[in-house]
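Presented below is the structure to which this report refers.
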Amino acid sequence: MAEDPRLLPAPDGPGRNLPVASDMYRSNLYGPEPEPEQPAVPLTHYLWILKRHKWKIAAFILASVVCTFIVSKRLTPIYESTTTIDVDCRMPTGVVGQESMVSAMDDADQFLATQIKLIQSDSVLRPVVQRYHLRDLGKQGQDASSEAAIRMQRTPVSLALKVTRPPNTYLLLISYRSPNPDMAANVANAVANSYLQRTFEIRYRATADLSTFMEKQLEELRAKMERSAMALAQFERELNVINPEDKTSILSSRLLQLNTEYTNAETERVKKEAAWQSIQTGTLEAAQVSTQGDSLKAIQDRLNDATQKFAEVKARAGKNHPDYLKAAAQVAELQRQFQAARTSIVRRVEAEYKEAVNRQAMLQKAVAENKAEFDKMNARSFQYQSLKREADGDRSLYEELVRKIREAGINSAFQNSSIRIADAALPGLNPVYPNTRMNLMLALLFSTLLAVGAAVLSDVLDNTIRDPEQARVMLGAEVMGSLPMVKPWRGRLIPVSSNGAGKSKALAKAGHSAVRASTGYEEAVRTLRNSILLSTFDHPLKSLMVSSASPSEGKTTIAVHLAIAHAQQKHKTLLIDGDLRRPGIHTKLGLTAGSGLATALMNGLCWQNKVIQPAGIPGLYVLPAGPSSRRCADLIGANLKEILAQAEAEYDLVIVDAPPILGFPEPLQMAAAADGVVMVAVAGETNRKALDIALSTLRRLRANVLGLVLNEITSNSSEGYYYHGYYGKYYKYYHSAHE
């Protein structure tokens, strides 16, 4: 059968295989163990913390509430009065001009925020402070004429004033507090009135400054207007016209008319020239188509008729016939008239042509002259218009400025009613400060939170070992037993003789109360003894070392009680006091501090001769330490292995009370020599870091650490302290039933 790798050779030689928990072999066999997850802190733990510190928490809360009540009653009562101001955003800022059509505000929120700051300004508060002497220098022990007083007068004033705006309203609430209710109301109303007066003064001063500035500008503008009017009049005199624009219009109309006549004359001249040129050809048709062609045509028709009639007469009568002569004379006369009319037409056409040419030339000259005059007048008209515009602009600006000055004067005298007092302040009936009920509630709340927080914080900052679960999670060690604190023990313990039935009560103070108090402790020790022995039932323990990380943790008392409990089970038990630096077993058992283990080691004597059997405890044998010696402490580490080997052959169990692990070398050798090691820790006192270092040191030496023993457990030490809390009740019940 293969050898179990978890059974390692003990340091005292081959053949003694003890079950040692080795991390190295466990890692080789099963692989690296996963790191255990840190469990969440349950709610019951916080409830236990509150239960543990309940009296401290209650005392702190009660003290806080009582102090708050006393302070609240000793404080001077303060009264508060409030003045309500209504801000009407629809009210215009003036009575005439554009201000009469513009509302008081465009952005209500911004306007109200500005007014709140204005109410708290020095200009509003200073008159109120001076009126009611709210900044009385005499109360401060200062002379009014001193430099500090003068400097204080120049500094901005402030009041305990509260200005608020109710949501979704255009109201401003001005609140003031004072020990005197009438003073509170008067100051609140005075601040409101001072604020209204200040807003009027600001508007009036701004309007007055604007009027002054506009008056200065008005003088300059009047001088400028006069200069521009004089320049315009001088220009009109130079032109010798009242209005150049009217004359320009006349010239323009005349030029347009002349231009039209010139165009007609040119057309008529062309027409006359064409007629004249046609007449120059000498053709009868050209003469007939002229303007005088109608008369010539009539003569031509008459001549044709006469010629036709003469031809008829000539054919019928001779040359001397009277009709012939008459007809011939008539034809001759008509021919003369025709030639005369033709000549006259030529002369008339020529005259008309020359007249048209002359008229065209005259009109052309008139158009040129009028155009030159129009251009000249038009050029001067631009200059005139510029001067006129400047004069008109100066006159309009002057008139507008005069109107603005008049409007500003009227509006400056107008008290704007958009801001008005809606509700005046009245003296308060009940004080608003101190609010004793509210102060007590707040004191109760905050003191409770502070006390609970301090209790939880103290638990978080606690670096001691308190309960088995904490030891298992943080140190990786099992707690084999918990021993309660026995308050009646106030001195050394002495053995008490056994009764007639052979049962002995171990180690109690002389007195019945001490015996009753130690009963629960003895039962816990017996439970611890069984837990230790049953933990290695496959390889029974022959030697057991009891130690601790630091001194004064009760290891010696536990070792003594374990030895007594084992001896009462009719087992031969040897108790060795291995703490040669500061021995204590003889004190616990009431033995004389004579020779012992130290003497045997120093003189090379047999240790069996130093063994003592206490009276009243059969089966218990004690090897005391003897006189303390540092040299003997160095010797015990090397010789304990041999002593244990000899004692294990003679006794059923050997218990060694070893020095603390930290700071001493010999307990490490003792741990390597013993079959098992039990570490003792005081609940709520032993530092977790120190205990962890001690356990790590033992594990590194491959010592068989069986577990921890939590000593001096109370109901306030551990959240999981159930067994010992109820054990007293159960034991009392069964003990009374037995009696």
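Each chain in the structure tokens gets a letter, A, B and so on, in the order shown; residues start at 1 in every chain, and ligands are counted from 1 in the order they appear.
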Env of region 450-454 of chain A: 9 Å cut, atoms = only C-alpha atoms, seq-sep filter 2 positions within chain, self excluded. Answer as a PyMOL selection string. chain A and resi 49-50+53+56-58+60-61+445-448+456-459
For a quick check of understanding, using only C-alpha atoms, which of A:Glu407, A:Asp375, A:Glu399, A:Asp538 has the smallest distance to Leu218 (chain A)?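 Of A:Glu407, A:Asp375, A:Glu399, A:Asp538, the one nearest Leu218 (chain A), counting only C-alpha atoms, is A:Glu399.
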CA of Asp579 (chain A) to CA of Gly684 (chain A): how many Å, to one decimal? 24.6 Å
From the list A:Leu695, A:Val331, A:Ala190, A:Leu444, which residue is nearest Val678 (chain A) when using only C-alpha atoms?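 Checking each candidate against Val678 (chain A), we get A:Leu695 as the closest.
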Between CA of Tyr79 (chain A) and CA of Met441 (chain A), what is the distance, to one decimal in Å?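 Computing the Euclidean distance for CA of Tyr79 (chain A) and CA of Met441 (chain A) yields 21.1 Å.
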Can you list, as a PDB file with C-alpha atoms, in the first residue's frame, every protein, DNA or RNA residue that comes within 12 Å of Leu397 (chain A) when you count only C-alpha atoms, leaving out same-chain residues fewer than 2 positions away?
```
ATOM      1  CA  MET A 214     -28.852 115.526 -23.688  1.00  0.00           C
ATOM      2  CA  GLN A 217     -25.753 117.738 -26.739  1.00  0.00           C
ATOM      3  CA  LEU A 218     -28.703 120.033 -27.414  1.00  0.00           C
ATOM      4  CA  GLU A 219     -26.500 123.144 -27.268  1.00  0.00           C
ATOM      5  CA  GLU A 220     -24.040 121.648 -29.689  1.00  0.00           C
ATOM      6  CA  LEU A 221     -26.843 120.498 -31.953  1.00  0.00           C
ATOM      7  CA  ARG A 222     -28.491 123.955 -31.889  1.00  0.00           C
ATOM      8  CA  LYS A 224     -24.834 123.014 -35.729  1.00  0.00           C
ATOM      9  CA  MET A 225     -28.437 123.517 -36.916  1.00  0.00           C
ATOM     10  CA  ARG A 389     -30.687 117.632 -46.030  1.00  0.00           C
ATOM     11  CA  GLU A 390     -28.085 118.570 -43.480  1.00  0.00           C
ATOM     12  CA  ALA A 391     -30.169 121.491 -42.305  1.00  0.00           C
ATOM     13  CA  ASP A 392     -33.343 119.389 -42.168  1.00  0.00           C
ATOM     14  CA  GLY A 393     -31.519 116.578 -40.339  1.00  0.00           C
ATOM     15  CA  ASP A 394     -30.095 118.945 -37.767  1.00  0.00           C
ATOM     16  CA  ARG A 395     -33.517 120.505 -37.303  1.00  0.00           C
ATOM     17  CA  GLU A 399     -36.601 118.725 -32.314  1.00  0.00           C
ATOM     18  CA  GLU A 400     -36.393 114.994 -31.378  1.00  0.00           C
ATOM     19  CA  LEU A 401     -33.835 115.725 -28.695  1.00  0.00           C
ATOM     20  CA  VAL A 402     -36.030 118.476 -27.271  1.00  0.00           C
ATOM     21  CA  ARG A 403     -38.938 116.042 -27.198  1.00  0.00           C
ATOM     22  CA  LYS A 404     -36.820 113.355 -25.475  1.00  0.00           C
TER      23      LYS A 404
END
```
Option closest in space to Leu161 (chain A), from A:Ser595, A:Gln608, A:Thr82, A:Ser531 [counting only C-alpha atoms]: A:Thr82
Restricting the calculation to only C-alpha atoms: of A:Ala332, A:Glu712, A:Leu701, A:Ile419, which residue gets closest to Phe200 (chain A)?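 Checking each of A:Ala332, A:Glu712, A:Leu701, A:Ile419 against Phe200 (chain A), counting only C-alpha atoms, the winner is A:Ile419.
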Close residues, Tyr324 (chain A) itself excluded, 10 Å, only C-alpha atoms, min 2 positions apart in chain, as a PDB file with C-alpha atoms, in the first residue's frame:
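Result went into around-v7.pdb, see below:
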```
ATOM      1  CA  LYS A 309     -62.732 125.350-125.882  1.00  0.00           C
ATOM      2  CA  PHE A 310     -60.240 127.351-128.075  1.00  0.00           C
ATOM      3  CA  ALA A 311     -59.572 124.249-130.111  1.00  0.00           C
ATOM      4  CA  GLU A 312     -63.283 123.874-130.748  1.00  0.00           C
ATOM      5  CA  VAL A 313     -63.673 127.514-131.692  1.00  0.00           C
ATOM      6  CA  LYS A 314     -60.578 127.334-133.892  1.00  0.00           C
ATOM      7  CA  ALA A 315     -62.053 124.477-135.758  1.00  0.00           C
ATOM      8  CA  ARG A 316     -65.345 126.224-136.308  1.00  0.00           C
ATOM      9  CA  ALA A 317     -64.277 129.831-136.883  1.00  0.00           C
ATOM     10  CA  GLY A 318     -61.448 131.718-138.413  1.00  0.00           C
ATOM     11  CA  LYS A 319     -58.729 133.764-136.827  1.00  0.00           C
ATOM     12  CA  ASN A 320     -60.672 136.976-137.137  1.00  0.00           C
ATOM     13  CA  HIS A 321     -63.768 135.591-135.711  1.00  0.00           C
ATOM     14  CA  PRO A 322     -64.647 137.201-132.458  1.00  0.00           C
ATOM     15  CA  LYS A 326     -61.923 135.743-127.382  1.00  0.00           C
ATOM     16  CA  ALA A 327     -60.948 132.134-126.890  1.00  0.00           C
ATOM     17  CA  ALA A 328     -57.352 132.830-127.840  1.00  0.00           C
ATOM     18  CA  ALA A 329     -57.181 135.767-125.443  1.00  0.00           C
ATOM     19  CA  GLN A 330     -58.615 133.645-122.648  1.00  0.00           C
TER      20      GLN A 330
END
```
Gap from CA of Lys272 (chain A) to CA of Lys365 (chain A) - Å, one decimal: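 CA of Lys272 (chain A) sits 20.2 Å away from CA of Lys365 (chain A).
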As a ChimeraX atom specification, please: every residue in region 563-687 of chain A that DSSP puts in alpha helix (DSSP H). /A:563-567,585-589,597-603,630-650,666-673
Deliver the residues from the most recent selection as a file, using C-alpha atoms, as a PDB file, in the first residue's frame.
```
ATOM      1  CA  ALA A 563      -4.154  18.606  32.362  1.00  0.00           C
ATOM      2  CA  ILE A 564      -6.641  18.458  35.266  1.00  0.00           C
ATOM      3  CA  ALA A 565      -9.537  17.630  32.931  1.00  0.00           C
ATOM      4  CA  HIS A 566      -7.533  14.818  31.335  1.00  0.00           C
ATOM      5  CA  ALA A 567      -6.404  13.487  34.689  1.00  0.00           C
ATOM      6  CA  ILE A 585       2.294  26.598  36.703  1.00  0.00           C
ATOM      7  CA  HIS A 586       3.486  26.337  40.327  1.00  0.00           C
ATOM      8  CA  THR A 587       1.628  29.575  41.081  1.00  0.00           C
ATOM      9  CA  LYS A 588      -1.582  28.288  39.496  1.00  0.00           C
ATOM     10  CA  LEU A 589      -1.380  25.018  41.445  1.00  0.00           C
ATOM     11  CA  LEU A 597      13.167  21.192  35.111  1.00  0.00           C
ATOM     12  CA  ALA A 598      15.675  24.019  35.113  1.00  0.00           C
ATOM     13  CA  THR A 599      17.646  22.353  37.906  1.00  0.00           C
ATOM     14  CA  ALA A 600      17.672  19.028  36.060  1.00  0.00           C
ATOM     15  CA  LEU A 601      18.878  20.650  32.831  1.00  0.00           C
ATOM     16  CA  MET A 602      21.586  22.716  34.520  1.00  0.00           C
ATOM     17  CA  ASN A 603      22.987  19.863  36.655  1.00  0.00           C
ATOM     18  CA  ARG A 630      17.832  32.214  30.182  1.00  0.00           C
ATOM     19  CA  ARG A 631      20.542  29.591  29.814  1.00  0.00           C
ATOM     20  CA  CYS A 632      18.122  26.845  30.824  1.00  0.00           C
ATOM     21  CA  ALA A 633      15.671  28.223  28.240  1.00  0.00           C
ATOM     22  CA  ASP A 634      18.315  27.604  25.567  1.00  0.00           C
ATOM     23  CA  LEU A 635      18.846  24.053  26.857  1.00  0.00           C
ATOM     24  CA  ILE A 636      15.205  23.006  26.887  1.00  0.00           C
ATOM     25  CA  GLY A 637      14.825  23.424  23.151  1.00  0.00           C
ATOM     26  CA  ALA A 638      17.514  20.823  22.498  1.00  0.00           C
ATOM     27  CA  ASN A 639      16.577  18.400  25.292  1.00  0.00           C
ATOM     28  CA  LEU A 640      12.784  18.491  25.102  1.00  0.00           C
ATOM     29  CA  LYS A 641      12.642  15.904  22.322  1.00  0.00           C
ATOM     30  CA  GLU A 642      14.346  13.326  24.524  1.00  0.00           C
ATOM     31  CA  ILE A 643      12.256  14.300  27.551  1.00  0.00           C
ATOM     32  CA  LEU A 644       9.052  13.878  25.559  1.00  0.00           C
ATOM     33  CA  ALA A 645      10.143  10.510  24.218  1.00  0.00           C
ATOM     34  CA  GLN A 646      10.759   9.252  27.767  1.00  0.00           C
ATOM     35  CA  ALA A 647       7.552  10.804  29.156  1.00  0.00           C
ATOM     36  CA  GLU A 648       5.302   9.469  26.406  1.00  0.00           C
ATOM     37  CA  ALA A 649       6.299   5.934  27.310  1.00  0.00           C
ATOM     38  CA  GLU A 650       5.222   6.457  30.927  1.00  0.00           C
ATOM     39  CA  GLU A 666      12.704  27.660  22.177  1.00  0.00           C
ATOM     40  CA  PRO A 667       8.941  27.353  21.446  1.00  0.00           C
ATOM     41  CA  LEU A 668       9.780  26.660  17.804  1.00  0.00           C
ATOM     42  CA  GLN A 669      11.892  23.638  18.796  1.00  0.00           C
ATOM     43  CA  MET A 670       9.181  22.559  21.238  1.00  0.00           C
ATOM     44  CA  ALA A 671       6.555  22.758  18.480  1.00  0.00           C
ATOM     45  CA  ALA A 672       8.686  20.577  16.231  1.00  0.00           C
ATOM     46  CA  ALA A 673       9.102  17.991  19.013  1.00  0.00           C
TER      47      ALA A 673
END
```
